Each structure stands twice: as C-alpha cells, then as structure tokens.
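In what follows, a single structure is set out as structure tokens and then discussed.
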Amino acid sequence: MGRYFGTDGIRGKANESLTAYKAFQTGRYLGYYYSQNGKQKIIIGKDTRLSSDMLEAALAAGISSEGCDAYLAGYCPTPMIAYLTRTEDFVCGAMISASHNPYYDNGIKIFSKEGIKMSADVEGLIEDYIDGLIDIEYKTGDAIGKIVPYERGLEDYLNWICEEYPTDLSGLKIALDCANGSSCFTAEKALIRLGAETTVINAVPDGTNINTQCGSTHPEKFQEFIKNGEFDLGLMFDGDADRQIMVAPDGRLVDGDFVLYICGKHYRDKGILNNNTVVTTVMANLGLFKAMEREGIKVSSTQVGDKYVYEEMCRDDDIIGGEQSGHIIFKNHETTGDGLVTALAILEIMKETRKPISALMEGLKIYPQLLVNVRVTNKQTALDDEEIKQAIEEVNEELSGNGRLLVRPSGTEPLIRVMAEAETDEICERVVNRVADIVRRKFGAEN
C-alpha cells in the first residue's frame with residue numbers, strides 16, 4: 001500500500017483525511033504529468049455522495065492549473081470512466097467515489113489510458129507531490145487548461161453496453177436496487193432499451209442516502225422485496241455501480257462466486273472458456289473451489305482486489321474473473337468490474353439456456369462463512385506476530401481441508417480481516433474468535 005493510495009485509489013472521510021486540497025493536489029500533479037507533451041484531456045466522473053461536487057471542482061481546478069483540460073462527465077458509474085478513458089482521446093480518467101462506503105467517505109480512483117487502475121509508480125509520484133517532495137510551477141497564459149462539460153459520456157456508455165449485450169429481455173420482470181448511487185443514471189435505461197419490465201427502488205439520491213441500508217452491501221430488505229413480488233431476478237448495485245449482487249425469486253443471494261460458477265460452466269460448454277480457467281481471489285468461498293474442481297474447471301486465485309484479478313487474467317488471457325463481492329470482469333468486453341455488464345451477462349445466459357436463475361445456481365454449495373474486522377494500531381506488525389501466526393496455523397490444521405482460516409489486512413482501512421469457512425456456523429465462530437481475540441488483545445485500537 002502507498003501512503004495515500006490503497007488497492008482502490010485514495011479513500012477517506014471527506015474533508016478529514018481526503019480534503020478538497022488533497023484532491024486539488026492530485027489533479028495538479030495529473031495535469032503536470034500529462035501536459036509534458038502538450039495540452040491533454042482528462043475525464044472526471046463522480047458518484048452521488050454529498051462531497052463529490054466539492055472534490056470534482058477541486059480536482060478539475062488542479063488539472064486545468066497545470067495545462068490539461070478537465071472534462072466533467074457528471075454522475076456516472078466508475079466503469080463508465082474506465083470505458084471512456086480507453087476508447088476516447090483522454091490520457092487518463094478519474095472517478096470520485098468511495099464505492100460501497102457511507103456517504104461521509106469519498107475517494108479518487110485513477111485510470112490509465114488503457115482503462116485500468118493507475119500504476120503504482122505514478123501513484124507514488126502523486127504521493128511525493130502531496131508530501132512536498134516534488135515542486136512544480138503553475139502554468140500561465142494560454143497554457144492553462146479548460147474545464148469542459150461532457151454530457152455525451154452517459155449516452156456513449158449506454159450505447160456501448162447495449163451493443164455488447166444486445167439480448168432481447170422482453171418477458172423478463174427485473175427489480176433494481178440502485179443504492180441511491182451511480183446506477184440511478186444508467187441501469188434502468190439500459191434494461192428498458194433491451195425490453196425488460198423494470199421496478200426500481202432506492203433511486204432518489206440526496207447526497208447522504210447513498211448505500212444507506214440499501215444496495216449490494218445491505219441486501220436484507222431487497223431480498224424480502226423480491227420474495228414478496230413476482231420477479232425473474234433482482235439486481236443490487238453498490239454506490240458507484242462497479243459491483244453486482246443478484247437476488248433469486250426465492251430471496252437467495254447470487255454473489256460473485258455464483259456468477260463465476262454460472263458463467264464458467266456456460267462458457268466452457270460453449271467452448272469459449274480460455275484455458276478452461278476462471279480467476280478469483282483468496283476470499284472466494286471454499287464451495288466455489290470444490291464445485292469447479294468437480295466440473296473440471298481450473299481456478300486461479302489472487303490477492304484481494306479487482307486490479308489483481310485483471311492482471312492475472314491478462315497474464316494468461318483468461319476471459320472471466322472476479323470477486324465474491326460482485327466485482328466481475330469479462331475481459332473480452334471490459335477492463336474493470338461493471339455491475340450492469342455482470343447483470344446482462346447472467347440475463348443473456350438465462351435467455352440462451354431458457355433456465356431460471358435458481359436452476360443455474362444448482363451444484364454450488366456455499367460453505368458457512370464468518371468475517372470479523374479488528375481495528376488495529378499497525379496492520380503489518382499484527383500480521384508478523386508469532387503468536388497470531390501460530391494460532392492461524394493450528395486452526396488450519398484443525399480444519400484439515402474441510403474449511404480454512406484467512407487473515408489479511410484491509411487495503412483501505414486500519415483493519416485486520418479474520419475470515420473462516422467451515423462446515424457449520426458454530427465452527428466458524430469458534431475459530432474466528434480464537435484468532436480475532438488475540439489480534440484484539442495485542443494490537444487492538446479504539447474507533
């Protein structure tokens with residue numbers, strides 16, 4: 001991890017750890033870095049949280065002060081910025097969002113010209129500038145950049161989505177939980193274009209209700225909504241619409257593990273699953289690994305983070321990968337997770353196979369899983385502690401292939417995540433608490 005950049009850009013509480021000035025500094029260095037070969041164009045998007053307008057203005061001011069033009073795409077999904085950056089004449093893109101976090105947090109994700117997360121080298125230069133280790137001069141005269149509205153971005157993105165997945169969805173009844181976030185501006189429009197009958201909730205953003213008891217990280221109310229209705233599928237987005245968790249008509253969650261299972265089998269049967277492999281992370285449910293082994297499909301696992309999944313996919317030209325959390329990447333179509341693309345990929349399979357989502361889910365047994373987050377004073381010191389390492393080893397020996405314990409640091413917060421999978425909830429609770437209690441006792445920090 002960098003000093004300010006984590007696995008998914010800069011993130012923190014707005015005007016506390018992520019101030020307007022820090023956004024201005026980030027924009028300034030981006031403008032400086034990319035204006036070395038003359039004036040260039042940088043696109044900016046934002047989600048619906050209260051501080052996004054402020055950070056957008058600061059970021060754009062920084063970019064234009066150093067000789068690049070800032071193009072404002074407005075409220076939009078993160079994957080839209082990745083798409084436009086790689087397909088239009090932008091040298092990079094920035095998305096102002098804290099994804100699934102509460103409204104008072106915010107972040108800045110930066111995409112390279114290739115539509116992937118910015119390299120650690122460039123992130124390091126931005127951090128050096130923020131810390132005063134690099135000095136740059138303001139542009140003057142006609143070298144100063146402009147700030148330009150870019151309303152056509154949403155339409156271009158929607159046209160691309162519907163061209164990539166031109167499935168006739170007529171006859172399907174689909175409910176959407178837009179988390180009062182970015183998908184409010186895209187998801188229903190795309191589904192209606194393709195012929196679906198839609199019902200939408202949580203699509204009235206006010207700046208403070210993004211992700212508030214709604215969306216992919218708070219599924220309980222939406223599950224009841226789906227069970228009490230007559231829908232073929234429920235779709236849940238997070239705040240910036242780069243992940244997708246679905247709900248079957250009986251209320252069961254269809255998370256990223258199920259998506260990889262369904263798509264992996266379908267693409268294998270069609271003969272298009274490159275290397276007969278899907279890519280996931282170490283956080284995938286043990287049930288997915290066992291189901292794929294039964295199906296004869298290889299699973300390649302990476303550390304947590306969609307950028308690591310994409311790197312692994314590119315290394316061997318694998319076509320599908322993702323995370324349990326709902327970040328799914330279809331490499332023939334995109335470079336990052338996109339909740340709408342994920343939904344359309346599953347709907348396409350439902351149409352092609354003429355099977356309901358419940359039938360497509362058959363064969364994947366999800367092991368009970370428990371995750372406990374422990375706030376700590378120092379993540380690396382906790383991970384290096386001999387008592388903790390010994391406890392982890394003993395637990396995994398005890399589980400002996402019928403479960404596992406995984407302990408890892410959060411990429412964006414001062415947390416150690418202790419996760420167990422086992423045959424029963426009771427076993428999960430026992431082994432997680434055994435390790436979490438040691439972490440808390442030796443390195444715990446107050447909120």
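Chain identifiers are assigned as A, B, and so on, following the order in which chains appear in the structure tokens; residues are numbered from 1 within each chain, and ligands are numbered from 1 in order of appearance.
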Write out as a compact mmCIF listing (two decimals) with C-alpha atoms, in the first residue's frame each polymer residue whose atoms come within 8 Å of Asp255 in chain A, counting only C-alpha atoms; drop sequence neighbours fewer than 6 positions from it.
# COMPACT_ATOMS: atom_id res chain seq x y z
CA GLN A 244 -23.41 -6.58 -8.72
CA ILE A 245 -25.13 -8.90 -6.26
CA MET A 246 -28.31 -10.52 -7.56
CA GLN A 324 -17.22 -12.75 -4.20
CA SER A 325 -18.23 -9.14 -3.50
CA GLY A 326 -19.61 -8.84 -7.03
> Neighbours of Thr85 in chain A within 9 Å (only C-alpha atoms; same-chain residues fewer than 5 positions away dropped), as a PyMOL selection string?
Replying inline: chain A and resi 42-43+80+90-93+111-115
> So which bits of range 5-229 of chain A end up alpha helix (DSSP H) when you DSSP the backbone, as a PyMOL selection string?
Replying inline: chain A and resi 20-34+52-65+78-87+120-130+152-164+187-193+220-227
>> Need the shell around Phe330 in chain A: protein/DNA/RNA residues with any atom at most 6 Å away, counting only C-alpha atoms. Skip same-chain ones fewer than 4 positions apart. Format as a ChimeraX atom specification?
In response: /A:319-320,334
Output file for the residues above (C-alpha atoms, as a compact mmCIF listing (two decimals), in the first residue's frame):
# COMPACT_ATOMS: atom_id res chain seq x y z
CA ILE A 319 -11.79 -14.27 -20.15
CA ILE A 320 -13.62 -14.13 -16.80
CA GLU A 334 -14.13 -4.51 -20.30
> With only C-alpha atoms as the basis for distance, which of A:Gln25, A:Gln223, A:Gln380, A:Asn101 is at the shortest distance from Val254 in chain A?
Replying inline: A:Gln223
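Proximity ranking of A:Glu197, A:Glu413, A:Asp240, A:Glu151 relative to Thr377 in chain A places A:Glu413 first, based on only C-alpha atoms.
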